[in-house]
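Each remark here refers to the structure printed beneath this line.
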Amino acid sequence: MKAIIINILFILIIPSQPIFAEEKSRYYNTYEVKIQIAQYDYKAMIYEPKMEKIKAILIISHTLGKSNSIEGSNAQYFSQHGYVAIVPYVFDSELDKLLPDTEKLDNDFLRPIPSVKSFIAIAESKLHLPKDLPIFALGASQGGITTLILTAYIPRIKAAWAAVGGGDLPYIYAHSDSSGVVKFRTNHMRFLNITDNNEYEAYLRANLKNDPVIVCREIKVPFHQTIALRDTTVPTVTQELLADQCPPHEIQRLQLTHTGGTLTTVTDRQKIKDFFEAEL
């Protein structure tokens with residue numbers, strides 16, 4: 001699997017040139033970035049701190065939802081503390097398609113890697129950042145899964161914080177109660193002429209080759225995992241599977257639902273900042 005991913009990452013990436021200033025605040029400037037890789041479009045918001053000393057770059061990966069309130073709030077907080085925050089938007093994926101393609105669904109898992117590498121390069125060039133600036137990663141739910149992927153395959157990431165992300169995507173897709181996943185599953189099962197969730201899980205298990213459980217084994221830097229013990233959206237059992245299969249790491253278990261677990265990326269921000277700054 002590693003060789004396959006490496007081949008994907010060496011695709012020529014040519015970011016689009018325009019970078020648009022979106023707003024100004026007392027603490028930071030923001031820039032919207034648009035790039036295209038192969039046939040796919042990607043966007044991100046870059047937060048530039050208004051201070052002389054920049055500590056690090058922070059990649060804040062998005063949840064499955066379309067709102068960016070959690071990610072934007074976290075980006076504002078960290079930019080006020082000396083971090084260049086990069087928040088990629090949710091990109092179009094097979095989860096949004098009326099007739100999902102299983103092979104493309106599997107490839108969706110890897111797509112954040114080259115796009116985020118490109119966003120980092122753009123931020124470094126646009127903001128004249130040092131090339132050896134540490135990079136950290138943060139995310140919850142789908143963003144937690146993406147955080148683990150990025151941490152495994154972008155060597156410059158020095159530490160990561162992932163909340164309520166799980167492993168075993170076939171199980172998640174077959175049993176999650178997320179409205180977005182339920183809609184995707186209904187369409188996909190109808191397309192495949194499958195009526196039973198367990199049969200659908202077995203189909204995905206035979207056809208999806210990429211999974212957070214496999215990827216997380218490649219992580220070689222400190223990372224934190226927050227597990228919600230009453231989660232039915234990214235079922236708790238899939239979060240515990242990651243805890244068991246990943247290299248030794250910091251784990252926090254809380255009696256929370258998925259929403260509560262996702263919000264810990266906001267309520268625990270001081271703790272997250274301390275975790276990252278221990279690696280500076």
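Residue names in the structure tokens use chain letters A, B, ... in the order shown, residue numbers from 1 in each chain, and ligand numbers from 1 in the order shown.
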
Neighbouring residues of stretch 266-278 of chain A were defined as those with any atom within 8 Å, considering only C-alpha atoms; residues of the same chain fewer than 3 positions away were excluded. Please report them as a count of residues only. 9

Neighbour list for A:Asp106 as number ranges by chain, cut-off 7 Å, only C-alpha atoms, skip fewer than 2 positions in-chain: A: 102-104, 108-109, 208-210

Identify which of the residues A:Arg230, A:Pro100, A:Ile120, A:Thr151 lies closest to A:Leu133, counting only C-alpha atoms when measuring atom-to-atom distances.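 Residue with the minimum atom-to-atom distance to A:Leu133: A:Ile120.
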
Which of stretch 142-196 of chain A end up as strand (DSSP E) when DSSP is run on this backbone - answer as a list in words? Ile157, Lys158, Ala159, Ala160, Trp161, Ala162 and Ala163 of chain A

Write a file of the selected residues as a CSV table (one decimal), in the first residue's frame, keeping C-alpha atoms.
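What landed in selection.csv:
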```csv
chain,number,residue,atom,x,y,z
A,157,ILE,CA,4.0,17.1,10.5
A,158,LYS,CA,5.5,16.9,14.0
A,159,ALA,CA,2.4,16.1,16.1
A,160,ALA,CA,-1.3,15.6,15.6
A,161,TRP,CA,-4.6,15.8,17.5
A,162,ALA,CA,-7.5,13.7,16.2
A,163,ALA,CA,-11.0,13.6,17.8
```

Quick one: residues within 8 Å of A:Tyr171, only C-alpha atoms counted, chain neighbours fewer than 4 positions away excluded, as a list of chain:residue names?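 Close residues of A:Tyr171: A:His175, A:Ser176, A:Glu201, A:Thr238.
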
Residue contacts of stretch 27-33 of chain A (12 Å, only C-alpha atoms) excluding same-chain residues fewer than 2 positions away, as number ranges by chain: A: 15-25, 35-36, 41-52, 54, 72, 75-89, 115-116, 118-123, 126-127

Would you write out those residues with C-alpha atoms, as an mmCIF file, in the first residue's frame?
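See out_0.cif below for the written result:
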```cif
data_model
loop_
_atom_site.group_PDB
_atom_site.id
_atom_site.type_symbol
_atom_site.label_atom_id
_atom_site.label_comp_id
_atom_site.auth_asym_id
_atom_site.auth_seq_id
_atom_site.Cartn_x
_atom_site.Cartn_y
_atom_site.Cartn_z
ATOM 1 C CA PRO A 15 -1.676 25.325 -8.043
ATOM 2 C CA SER A 16 -3.706 28.091 -9.581
ATOM 3 C CA GLN A 17 -2.125 31.501 -9.176
ATOM 4 C CA PRO A 18 -4.837 33.783 -7.727
ATOM 5 C CA ILE A 19 -4.907 34.066 -3.949
ATOM 6 C CA PHE A 20 -7.688 36.305 -2.744
ATOM 7 C CA ALA A 21 -7.691 38.281 0.504
ATOM 8 C CA GLU A 22 -11.063 37.658 2.125
ATOM 9 C CA GLU A 23 -11.050 39.726 5.300
ATOM 10 C CA LYS A 24 -8.883 41.488 7.823
ATOM 11 C CA SER A 25 -9.091 41.367 11.579
ATOM 12 C CA ILE A 35 -6.085 24.893 -6.835
ATOM 13 C CA GLN A 36 -6.742 22.098 -9.292
ATOM 14 C CA ASP A 41 -10.868 21.406 -7.593
ATOM 15 C CA TYR A 42 -9.774 22.204 -4.033
ATOM 16 C CA LYS A 43 -10.074 25.299 -1.850
ATOM 17 C CA ALA A 44 -8.620 26.327 1.489
ATOM 18 C CA MET A 45 -8.559 29.343 3.780
ATOM 19 C CA ILE A 46 -5.167 30.467 5.081
ATOM 20 C CA TYR A 47 -4.999 32.497 8.307
ATOM 21 C CA GLU A 48 -1.884 34.680 8.638
ATOM 22 C CA PRO A 49 -1.121 35.905 12.185
ATOM 23 C CA LYS A 50 -0.412 39.606 12.576
ATOM 24 C CA MET A 51 2.657 39.101 14.702
ATOM 25 C CA GLU A 52 6.359 39.079 14.047
ATOM 26 C CA ILE A 54 5.380 32.666 13.631
ATOM 27 C CA GLY A 72 -12.912 28.671 11.490
ATOM 28 C CA ALA A 75 -8.161 28.772 13.060
ATOM 29 C CA GLN A 76 -8.869 32.168 14.585
ATOM 30 C CA TYR A 77 -7.754 30.974 18.026
ATOM 31 C CA PHE A 78 -4.494 29.445 16.849
ATOM 32 C CA SER A 79 -3.672 32.338 14.515
ATOM 33 C CA GLN A 80 -3.895 34.640 17.514
ATOM 34 C CA HIS A 81 -1.229 32.455 19.154
ATOM 35 C CA GLY A 82 1.285 32.542 16.323
ATOM 36 C CA TYR A 83 0.155 29.693 14.058
ATOM 37 C CA VAL A 84 -0.425 29.976 10.328
ATOM 38 C CA ALA A 85 -3.679 28.012 10.082
ATOM 39 C CA ILE A 86 -4.655 26.267 6.841
ATOM 40 C CA VAL A 87 -8.266 25.077 6.642
ATOM 41 C CA PRO A 88 -9.046 23.027 3.509
ATOM 42 C CA TYR A 89 -12.723 23.031 2.557
ATOM 43 C CA SER A 115 -3.818 18.976 -2.003
ATOM 44 C CA VAL A 116 -2.609 19.783 1.517
ATOM 45 C CA SER A 118 0.195 22.102 -2.239
ATOM 46 C CA PHE A 119 -1.569 24.403 0.242
ATOM 47 C CA ILE A 120 1.488 24.286 2.506
ATOM 48 C CA ALA A 121 3.750 25.276 -0.400
ATOM 49 C CA ILE A 122 1.438 28.153 -1.329
ATOM 50 C CA ALA A 123 1.326 29.438 2.265
ATOM 51 C CA LYS A 126 2.765 33.771 -0.154
ATOM 52 C CA LEU A 127 3.669 34.515 3.473
#
```

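All residues of protein, DNA or RNA that reach within 12 Å of A:Phe184, judged by only C-alpha atoms and not counting those fewer than 2 positions away in the chain, are Ser93, Glu94, Leu95, Asp96, Lys97, Leu98, Leu99, Pro100, Asp101, Thr102, Leu105, Ile172, Tyr173, Ala174, His175, Ser176, Asp177, Ser178, Ser179, Gly180, Val181, Val182, Thr186, Asn187, His188, Met189, Arg190 and Phe191 of chain A.
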
Closest of A:Ile227, A:Val215, A:Val237, A:Leu169 to A:Tyr200 - atom-to-atom distances counting only C-alpha atoms: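 Looking only at the distances to A:Tyr200, the closest residue turns out to be A:Leu169.
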
Spatial neighbours of A:Ala228, 12 Å, only C-alpha atoms, chain gap at least 2 places, as a PDB file with N, CA and C atoms, in the first residue's frame:
```pdb
ATOM      1  N   ALA A 140     -11.474  16.677  13.641  1.00  0.00           N
ATOM      2  CA  ALA A 140     -12.466  15.859  14.342  1.00  0.00           C
ATOM      3  C   ALA A 140     -13.372  15.170  13.339  1.00  0.00           C
ATOM      4  N   SER A 141     -13.848  13.972  13.696  1.00  0.00           N
ATOM      5  CA  SER A 141     -14.749  13.205  12.848  1.00  0.00           C
ATOM      6  C   SER A 141     -14.033  12.862  11.534  1.00  0.00           C
ATOM      7  N   ALA A 162      -6.350  14.229  16.971  1.00  0.00           N
ATOM      8  CA  ALA A 162      -7.517  13.731  16.247  1.00  0.00           C
ATOM      9  C   ALA A 162      -8.624  13.375  17.228  1.00  0.00           C
ATOM     10  N   ALA A 163      -9.824  13.894  16.983  1.00  0.00           N
ATOM     11  CA  ALA A 163     -10.978  13.596  17.840  1.00  0.00           C
ATOM     12  C   ALA A 163     -12.019  12.812  17.054  1.00  0.00           C
ATOM     13  N   VAL A 164     -12.592  11.815  17.678  1.00  0.00           N
ATOM     14  CA  VAL A 164     -13.695  10.977  17.181  1.00  0.00           C
ATOM     15  C   VAL A 164     -13.510  10.548  15.724  1.00  0.00           C
ATOM     16  N   GLY A 165     -12.292  10.184  15.374  1.00  0.00           N
ATOM     17  CA  GLY A 165     -12.039   9.552  14.084  1.00  0.00           C
ATOM     18  C   GLY A 165     -11.955   8.050  14.279  1.00  0.00           C
ATOM     19  N   GLY A 166     -12.397   7.298  13.296  1.00  0.00           N
ATOM     20  CA  GLY A 166     -12.401   5.844  13.454  1.00  0.00           C
ATOM     21  C   GLY A 166     -11.686   5.128  12.338  1.00  0.00           C
ATOM     22  N   GLN A 225      -5.535  11.028  20.586  1.00  0.00           N
ATOM     23  CA  GLN A 225      -6.821  10.531  20.083  1.00  0.00           C
ATOM     24  C   GLN A 225      -7.877  10.716  21.154  1.00  0.00           C
ATOM     25  N   THR A 226      -8.931  11.461  20.835  1.00  0.00           N
ATOM     26  CA  THR A 226     -10.087  11.590  21.718  1.00  0.00           C
ATOM     27  C   THR A 226     -11.159  10.615  21.257  1.00  0.00           C
ATOM     28  N   ARG A 230     -19.989   7.166  23.527  1.00  0.00           N
ATOM     29  CA  ARG A 230     -21.400   6.985  23.163  1.00  0.00           C
ATOM     30  C   ARG A 230     -21.646   7.457  21.726  1.00  0.00           C
ATOM     31  N   ASP A 231     -20.694   7.139  20.871  1.00  0.00           N
ATOM     32  CA  ASP A 231     -20.732   7.623  19.483  1.00  0.00           C
ATOM     33  C   ASP A 231     -21.384   6.583  18.580  1.00  0.00           C
ATOM     34  N   THR A 232     -22.398   7.009  17.825  1.00  0.00           N
ATOM     35  CA  THR A 232     -23.025   6.133  16.833  1.00  0.00           C
ATOM     36  C   THR A 232     -22.822   6.667  15.413  1.00  0.00           C
ATOM     37  N   THR A 233     -22.181   7.815  15.284  1.00  0.00           N
ATOM     38  CA  THR A 233     -21.912   8.401  13.973  1.00  0.00           C
ATOM     39  C   THR A 233     -20.606   7.862  13.407  1.00  0.00           C
ATOM     40  N   VAL A 234     -19.538   7.988  14.176  1.00  0.00           N
ATOM     41  CA  VAL A 234     -18.325   7.204  13.934  1.00  0.00           C
ATOM     42  C   VAL A 234     -18.294   6.224  15.098  1.00  0.00           C
ATOM     43  N   PRO A 235     -18.909   5.064  14.929  1.00  0.00           N
ATOM     44  CA  PRO A 235     -19.168   4.179  16.076  1.00  0.00           C
ATOM     45  C   PRO A 235     -17.945   3.978  16.962  1.00  0.00           C
ATOM     46  N   THR A 236     -18.186   4.022  18.260  1.00  0.00           N
ATOM     47  CA  THR A 236     -17.100   3.947  19.242  1.00  0.00           C
ATOM     48  C   THR A 236     -16.186   2.754  18.982  1.00  0.00           C
ATOM     49  N   VAL A 237     -16.751   1.643  18.567  1.00  0.00           N
ATOM     50  CA  VAL A 237     -15.931   0.446  18.322  1.00  0.00           C
ATOM     51  C   VAL A 237     -14.861   0.713  17.276  1.00  0.00           C
ATOM     52  N   THR A 238     -15.150   1.587  16.293  1.00  0.00           N
ATOM     53  CA  THR A 238     -14.153   1.891  15.260  1.00  0.00           C
ATOM     54  C   THR A 238     -13.075   2.827  15.804  1.00  0.00           C
ATOM     55  N   GLN A 239     -13.430   3.654  16.759  1.00  0.00           N
ATOM     56  CA  GLN A 239     -12.428   4.513  17.401  1.00  0.00           C
ATOM     57  C   GLN A 239     -11.500   3.678  18.285  1.00  0.00           C
ATOM     58  N   GLU A 240     -12.076   2.709  18.970  1.00  0.00           N
ATOM     59  CA  GLU A 240     -11.260   1.819  19.819  1.00  0.00           C
ATOM     60  C   GLU A 240     -10.349   0.940  18.965  1.00  0.00           C
ATOM     61  N   ILE A 251      -4.303   8.869  24.599  1.00  0.00           N
ATOM     62  CA  ILE A 251      -5.727   8.576  24.369  1.00  0.00           C
ATOM     63  C   ILE A 251      -6.554   9.178  25.499  1.00  0.00           C
ATOM     64  N   GLN A 252      -7.644   9.832  25.120  1.00  0.00           N
ATOM     65  CA  GLN A 252      -8.598  10.386  26.081  1.00  0.00           C
ATOM     66  C   GLN A 252      -9.972   9.802  25.772  1.00  0.00           C
ATOM     67  N   ARG A 253     -10.580   9.120  26.736  1.00  0.00           N
ATOM     68  CA  ARG A 253     -11.913   8.543  26.565  1.00  0.00           C
ATOM     69  C   ARG A 253     -12.915   9.351  27.379  1.00  0.00           C
ATOM     70  N   LEU A 254     -14.006   9.764  26.720  1.00  0.00           N
ATOM     71  CA  LEU A 254     -14.996  10.623  27.360  1.00  0.00           C
ATOM     72  C   LEU A 254     -16.403  10.073  27.128  1.00  0.00           C
ATOM     73  N   GLN A 255     -17.264  10.230  28.107  1.00  0.00           N
ATOM     74  CA  GLN A 255     -18.663   9.795  27.982  1.00  0.00           C
ATOM     75  C   GLN A 255     -19.439  10.832  27.180  1.00  0.00           C
ATOM     76  N   LEU A 256     -19.202  10.833  25.875  1.00  0.00           N
ATOM     77  CA  LEU A 256     -19.801  11.827  24.990  1.00  0.00           C
ATOM     78  C   LEU A 256     -20.368  11.153  23.747  1.00  0.00           C
ATOM     79  N   THR A 257     -21.321  11.854  23.106  1.00  0.00           N
ATOM     80  CA  THR A 257     -21.784  11.458  21.784  1.00  0.00           C
ATOM     81  C   THR A 257     -20.813  12.004  20.733  1.00  0.00           C
ATOM     82  N   HIS A 258     -21.134  11.771  19.477  1.00  0.00           N
ATOM     83  CA  HIS A 258     -20.244  12.236  18.413  1.00  0.00           C
ATOM     84  C   HIS A 258     -20.117  13.760  18.416  1.00  0.00           C
ATOM     85  N   THR A 259     -21.251  14.446  18.562  1.00  0.00           N
ATOM     86  CA  THR A 259     -21.211  15.910  18.553  1.00  0.00           C
ATOM     87  C   THR A 259     -20.360  16.440  19.693  1.00  0.00           C
ATOM     88  N   GLY A 260     -20.550  15.890  20.877  1.00  0.00           N
ATOM     89  CA  GLY A 260     -19.749  16.323  22.018  1.00  0.00           C
ATOM     90  C   GLY A 260     -18.273  16.057  21.820  1.00  0.00           C
ATOM     91  N   GLY A 261     -17.961  14.897  21.236  1.00  0.00           N
ATOM     92  CA  GLY A 261     -16.564  14.575  20.980  1.00  0.00           C
ATOM     93  C   GLY A 261     -15.942  15.511  19.963  1.00  0.00           C
ATOM     94  N   THR A 262     -16.710  15.867  18.932  1.00  0.00           N
ATOM     95  CA  THR A 262     -16.218  16.808  17.927  1.00  0.00           C
ATOM     96  C   THR A 262     -15.912  18.162  18.553  1.00  0.00           C
ATOM     97  N   LEU A 263     -16.776  18.618  19.453  1.00  0.00           N
ATOM     98  CA  LEU A 263     -16.610  19.930  20.070  1.00  0.00           C
ATOM     99  C   LEU A 263     -15.428  20.001  21.027  1.00  0.00           C
ATOM    100  N   THR A 264     -14.843  18.852  21.380  1.00  0.00           N
ATOM    101  CA  THR A 264     -13.666  18.915  22.256  1.00  0.00           C
ATOM    102  C   THR A 264     -12.493  19.611  21.569  1.00  0.00           C
TER     103      THR A 264
END
```
